[in-house]
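*Asks:* Below is my_file_20.cif; it holds mmCIF, C-alpha atoms.
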data_work
#
loop_
_atom_site.label_atom_id
_atom_site.label_comp_id
_atom_site.auth_asym_id
_atom_site.auth_seq_id
_atom_site.Cartn_x
_atom_site.Cartn_y
_atom_site.Cartn_z
CA MET C 214 97.08 97.97 150.93
CA THR C 215 94.61 97.47 148.14
CA THR C 216 91.21 98.96 147.74
CA ASP C 217 88.23 97.32 146.10
CA GLY C 218 89.01 99.33 142.99
CA ASP C 219 92.47 97.78 142.78
CA ILE C 220 91.21 94.23 142.89
CA GLY C 221 89.90 94.47 139.36
CA SER C 222 93.35 95.30 138.03
CA HIS C 223 94.60 91.86 139.17
CA LEU C 224 91.89 90.04 137.26
CA PRO C 225 92.40 89.05 133.64
CA ARG C 226 91.27 91.83 131.35
CA ARG C 227 87.85 91.16 129.86
CA ARG C 228 88.19 90.62 126.12
CA SER C 229 85.93 92.41 123.69
CA PRO C 230 83.89 90.36 121.17
CA SER C 231 86.16 91.53 118.33
CA GLU C 232 89.24 90.35 120.25
CA ILE C 233 87.66 86.96 120.79
CA LEU C 234 87.05 86.77 117.04
CA LYS C 235 90.76 87.48 116.57
CA ARG C 236 91.72 84.83 119.13
CA GLY C 237 92.92 87.49 121.56
CA TYR C 238 95.24 89.35 119.17
CA SER C 239 95.06 93.12 119.12
CA ASP C 240 94.52 95.06 115.90
CA GLU C 241 98.09 96.29 116.16
CA GLU C 242 99.51 92.78 116.49
CA ILE C 243 97.50 91.57 113.49
CA ALA C 244 98.70 94.53 111.40
CA HIS C 245 102.38 93.95 112.24
CA LEU C 246 102.13 90.20 111.63
CA TYR C 247 100.44 90.87 108.29
CA GLU C 248 103.15 93.37 107.38
CA LEU C 249 105.80 90.65 107.66
CA GLY C 250 103.88 88.72 105.00
CA ARG C 251 103.82 91.78 102.82
CA PHE C 252 107.55 92.33 103.41
CA TRP C 253 108.21 88.78 102.21
CA LEU C 254 106.03 89.33 99.14
CA GLU C 255 108.15 92.33 98.19
CA ASN C 256 111.22 90.14 98.54
CA GLY C 257 109.73 87.39 96.39
CA GLU C 258 109.43 84.93 99.27
CA ILE C 259 105.97 83.78 98.28
CA SER C 260 105.80 80.55 100.32
CA ARG C 261 106.84 82.31 103.51
CA ALA C 262 104.31 85.07 102.83
CA LEU C 263 101.55 82.49 102.37
CA VAL C 264 102.24 81.03 105.84
CA ILE C 265 101.77 84.49 107.33
CA PHE C 266 98.65 85.41 105.35
CA THR C 267 97.03 82.02 105.97
CA GLY C 268 97.67 82.39 109.70
CA VAL C 269 96.37 85.96 109.75
CA THR C 270 93.17 85.04 107.92
CA GLU C 271 92.61 82.14 110.34
CA ILE C 272 93.06 84.23 113.48
CA ALA C 273 91.42 87.36 112.09
CA PRO C 274 89.05 86.39 109.25
CA ASP C 275 87.61 89.92 109.18
CA PHE C 276 90.98 91.54 108.51
CA ALA C 277 90.49 92.27 104.80
CA PRO C 278 94.16 92.88 103.82
CA GLY C 279 95.01 89.31 104.88
CA TRP C 280 92.69 88.02 102.13
CA LEU C 281 94.30 90.34 99.59
CA GLY C 282 97.67 88.87 100.53
CA VAL C 283 96.29 85.35 100.01
CA ALA C 284 94.81 86.42 96.65
CA TYR C 285 98.18 87.80 95.54
CA VAL C 286 100.01 84.59 96.50
CA HIS C 287 97.50 82.44 94.61
CA CYS C 288 97.78 84.68 91.55
CA SER C 289 101.50 84.42 91.71
CA ASN C 290 101.20 80.61 91.88
CA ARG C 291 98.75 80.74 88.94
CA ASP C 292 96.02 79.31 91.17
CA TYR C 293 93.35 81.69 89.86
CA ASP C 294 90.43 79.82 91.43
CA GLY C 295 92.14 80.14 94.81
CA ALA C 296 92.71 83.85 94.17
CA VAL C 297 89.04 84.34 93.25
CA ASN C 298 87.97 82.64 96.49
CA ALA C 299 90.31 84.81 98.57
CA ALA C 300 89.16 88.00 96.83
CA ARG C 301 85.54 87.02 97.48
CA GLN C 302 86.36 86.53 101.16
CA CYS C 303 87.81 90.03 101.15
CA LEU C 304 84.60 91.39 99.61
CA ARG C 305 82.60 89.58 102.29
CA VAL C 306 84.45 91.72 104.85
CA GLU C 307 84.71 94.94 102.80
CA SER C 308 82.04 95.00 100.15
CA ASN C 309 83.52 98.12 98.49
CA SER C 310 87.10 96.89 98.26
CA VAL C 311 88.35 98.04 94.86
CA GLU C 312 91.49 96.01 95.42
CA ALA C 313 89.49 92.79 95.84
CA MET C 314 87.40 93.61 92.75
CA LEU C 315 90.55 94.19 90.72
CA PHE C 316 91.91 90.81 91.78
CA LEU C 317 88.58 89.32 90.69
CA VAL C 318 88.66 91.09 87.33
CA THR C 319 92.24 89.98 86.65
CA CYS C 320 91.62 86.37 87.61
CA LEU C 321 88.15 86.00 86.08
CA MET C 322 89.45 87.24 82.72
CA THR C 323 92.30 84.76 82.93
CA LEU C 324 89.74 82.03 83.69
CA GLY C 325 87.68 83.16 80.68
CA ASP C 326 84.69 84.50 82.61
CA MET C 327 84.42 87.79 80.74
CA ASN C 328 80.84 88.48 81.85
CA ALA C 329 81.63 88.41 85.56
CA ALA C 330 84.84 90.36 84.96
CA GLY C 331 82.85 92.99 83.03
CA THR C 332 80.38 93.36 85.89
CA TYR C 333 83.17 94.08 88.38
CA LEU C 334 84.87 96.41 85.89
CA GLY C 335 81.64 98.39 85.61
CA GLU C 336 81.37 98.62 89.38
CA ILE C 337 84.95 99.81 89.74
CA GLY C 338 84.45 102.35 86.94
CA GLU C 339 81.47 103.82 88.77
CA MET C 340 83.46 104.08 91.99
CA ILE C 341 86.32 105.82 90.19
CA ASP C 342 83.90 108.24 88.48
CA GLY C 343 82.31 108.92 91.86
CA GLY C 344 85.70 109.86 93.33
CA LEU C 345 85.64 106.92 95.74
CA VAL C 346 89.01 105.50 94.69
CA ASP C 347 92.13 107.30 95.85
CA ASN C 348 94.75 104.67 95.03
CA PRO C 349 96.36 105.84 91.74
CA GLN C 350 97.93 102.45 91.14
CA ALA C 351 94.51 100.81 91.46
CA ILE C 352 93.14 103.28 88.89
CA ARG C 353 96.01 102.50 86.54
CA LEU C 354 95.46 98.79 86.99
CA TYR C 355 91.76 99.29 86.29
CA GLN C 356 92.62 101.04 83.01
CA MET C 357 94.96 98.20 82.07
CA GLN C 358 92.30 95.59 82.83
CA LEU C 359 89.65 97.60 80.96
CA ALA C 360 91.86 97.63 77.88
CA ARG C 361 92.46 93.89 78.28
CA TYR C 362 88.70 93.35 78.59
CA GLN C 363 87.99 95.37 75.43
CA VAL C 364 90.59 93.42 73.46
CA GLY C 365 89.23 90.13 74.86
CA GLY C 366 85.64 91.14 74.08
CA ALA C 367 86.59 92.06 70.49
CA ALA C 368 88.39 88.76 70.05
CA SER C 369 85.47 86.63 71.26
CA MET Q 190 102.84 90.34 89.14
CA LEU Q 191 104.34 93.62 90.33
CA PRO Q 192 101.31 95.83 89.50
CA LEU Q 193 99.13 93.53 91.60
CA LEU Q 194 101.37 94.06 94.61
CA ALA Q 195 99.96 97.61 94.73
CA LEU Q 196 96.62 96.01 95.65
CA VAL Q 197 98.08 94.53 98.83
CA PRO Q 198 98.04 97.48 101.23
CA ARG Q 199 100.52 98.39 103.94
CA ARG Q 200 99.03 98.18 107.40
CA GLY Q 201 101.69 97.71 110.06
CA ALA Q 202 105.44 97.93 110.58
CA VAL Q 203 107.76 94.93 110.47
CA HIS Q 204 110.27 96.53 112.86
CA LYS Q 205 107.57 96.78 115.54
CA LEU Q 206 107.39 92.97 115.71
CA GLY Q 207 110.56 93.08 117.81
CA ASP Q 208 108.60 94.85 120.56
CA LEU Q 209 106.08 92.02 120.51
CA HIS Q 210 108.66 89.23 120.70
CA ALA Q 211 107.92 88.22 124.32
CA ALA Q 212 104.15 88.27 123.83
CA LEU Q 213 104.38 86.33 120.57
CA PHE Q 214 106.74 83.80 122.12
CA ALA Q 215 104.30 83.22 125.00
CA ARG Q 216 101.52 82.65 122.46
CA TYR Q 217 103.79 80.37 120.45
CA GLU Q 218 104.45 78.17 123.49
CA LYS Q 219 100.73 77.91 124.21
CA VAL Q 220 99.77 77.14 120.61
CA SER Q 221 102.72 74.78 120.29
CA ALA Q 222 101.35 72.62 123.13
CA LEU Q 223 97.96 72.49 121.40
CA TYR Q 224 99.64 71.71 118.09
CA GLN Q 225 101.54 68.75 119.63
CA GLN Q 226 98.23 67.39 120.96
CA ILE Q 227 96.65 67.69 117.53
CA GLU Q 228 99.57 66.03 115.81
CA GLY Q 229 99.40 63.21 118.35
CA ASN Q 230 95.75 62.62 117.44
CA THR Q 231 96.12 62.22 113.70
CA GLY Q 232 92.44 61.46 113.22
CA LEU Q 233 91.41 64.95 114.30
CA SER Q 234 90.07 67.34 111.71
CA GLY Q 235 87.82 70.36 111.48
CA ASP Q 236 88.07 74.10 111.70
CA GLN Q 237 89.66 74.22 115.14
CA THR Q 238 92.49 71.93 114.03
CA LYS Q 239 92.99 73.88 110.83
CA ARG Q 240 93.14 77.15 112.77
CA THR Q 241 95.60 75.78 115.30
CA ARG Q 242 97.89 74.47 112.56
CA ALA Q 243 97.77 77.79 110.71
CA GLU Q 244 98.38 79.81 113.87
CA TYR Q 245 101.25 77.54 114.89
CA ALA Q 246 102.89 77.87 111.45
CA LEU Q 247 102.43 81.66 111.55
CA LEU Q 248 103.91 82.08 115.01
CA LYS Q 249 106.80 79.69 114.34
CA SER Q 250 107.62 81.56 111.18
CA VAL Q 251 107.59 84.94 112.94
CA ILE Q 252 109.58 83.72 115.98
CA ASP Q 253 112.21 82.10 113.72
CA TRP Q 254 112.48 85.30 111.73
CA LEU Q 255 112.72 87.48 114.85
CA GLU Q 256 115.44 85.26 116.27
CA SER Q 257 117.41 85.23 113.03
CA THR Q 258 117.27 89.02 112.76
CA GLN Q 259 118.34 89.28 116.41
CA ASP Q 260 121.29 86.98 115.67
CA VAL Q 261 122.30 89.25 112.79
CA ARG Q 262 122.07 92.34 115.02
CA LEU Q 263 124.19 90.67 117.70
CA ALA Q 264 126.75 89.54 115.12
CA LEU Q 265 127.01 93.12 113.88
CA GLY Q 266 127.41 94.39 117.44
CA GLY Q 267 124.08 96.23 117.48
CA PRO Q 268 121.76 96.55 120.44
CA GLU Q 269 119.72 93.55 121.52
CA THR Q 270 115.99 94.21 121.33
#
Kindly transcribe the structure held in the file into structure tokens.

*Replies:*
Amino acid sequence: MTTDGDIGSHLPRRRSPSEILKRGYSDEEIAHLYELGRFWLENGEISRALVIFTGVTEIAPDFAPGWLGVAYVHCSNRDYDGAVNAARQCLRVESNSVEAMLFLVTCLMTLGDMNAAGTYLGEIGEMIDGGLVDNPQAIRLYQMQLARYQVGGAAS
Amino acid sequence: MLPLLALVPRRGAVHKLGDLHAALFARYEKVSALYQQIEGNTGLSGDQTKRTRAEYALLKSVIDWLESTQDVRLALGGPET
């Protein structure tokens, strides 16, 4: 015997707006799917990783790590314009993403846009000085890119 | 390229995908039907088509991988998940 309260449990669960944006996938599902892409990156399977990251960014465009994965794949394929676009998409979602800014710095310098790269480097430097960056590898990469920028600036 | 990999964060766990196999397979079947429709209408374009293609490729890739890892586990005499 069911009560009125039980009837609701037989109806499809109402989806939240954020779930609709993710085409019905939960945050957990998106994270695990994304992780397979990252796993393939670590194993050098770039094409397979791109399929995962492209799919993740299509079903969950506001999941910032998916864009970082796409940026990495494009960098690795030497498609720096594609990497810049992906990093900018990441910044659209997370405006303070140091990781996205570092992708931008790396790619923009490779593309010869030292001014834009310098702007992002300055922004990252301020965030590091303000104690807002806790990823030591990101800090190290920033220092490497800063040195590259100074050498590039001296050469031009 | 290796230093840049540090910029791609960890978020989930690959081994947990096994728990989602049934749900992902159900989604795959649904998206697969849509994908066949799209491929049958070659003139179609637009965001919806692009999304369906990308989602289909993603799910197919994950399902294939899950099934291949399951085959390996079975061949080694491990538990079926």

*Asks:* Applied to this file, what does the PyMOL selection byres ((chain C) within 8 of (chain Q)) return in terms of residues, put as a ChimeraX atom specification?

*Replies:* /C:241-242,244-249,251-252,255,261,264-265,267-269,271-272,278,281-282,285,288-289,312-313,316,350-351,354

*Asks:* Using only C-alpha atoms for the distances, tell me which of C:Asn290, C:Val306, C:Gly344, C:Leu317 is nearest to Ala329 of chain C.

*Replies:*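 Closest residue, counting only C-alpha atoms: C:Leu317.
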
*Asks:* Return as AutoDock Vina command-line options the box centre and box size in Å, one decimal, for an axis-aligned box around all listed atoms of segment 290-297 of chain C padded by 8 Å per side.

*Replies:*
--center_x 95.1 --center_y 81.8 --center_z 91.9 --size_x 28.2 --size_y 21.0 --size_z 21.9

*Asks:* For atom CA of Met340 of chain C and atom CA of Asn328 of chain C, quote the distance in Å rounded to one decimal.

*Replies:*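 Distance between the two atoms: 18.8 Å.
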
*Asks:* Do a neighbour search on Leu321 of chain C at 10 Å with only C-alpha atoms, toss out local chain neighbours closer than 4 positions, and write the hits as a VMD selection string.

*Replies:* chain C and resid 293 to 294 296 to 297 315 to 317 325 to 331 333

*Asks:* So what do you get for atom CA of Ile252 of chain Q versus atom CA of Tyr217 of chain Q, distance-wise?

*Replies:*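 Here the two named atoms are 8.0 Å from each other.
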
*Asks:* May I ask for the distance between atom CA of Gly295 of chain C and atom CA of Asp347 of chain C, given in Å to one decimal place?

*Replies:*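 Distance between the two atoms: 27.2 Å.
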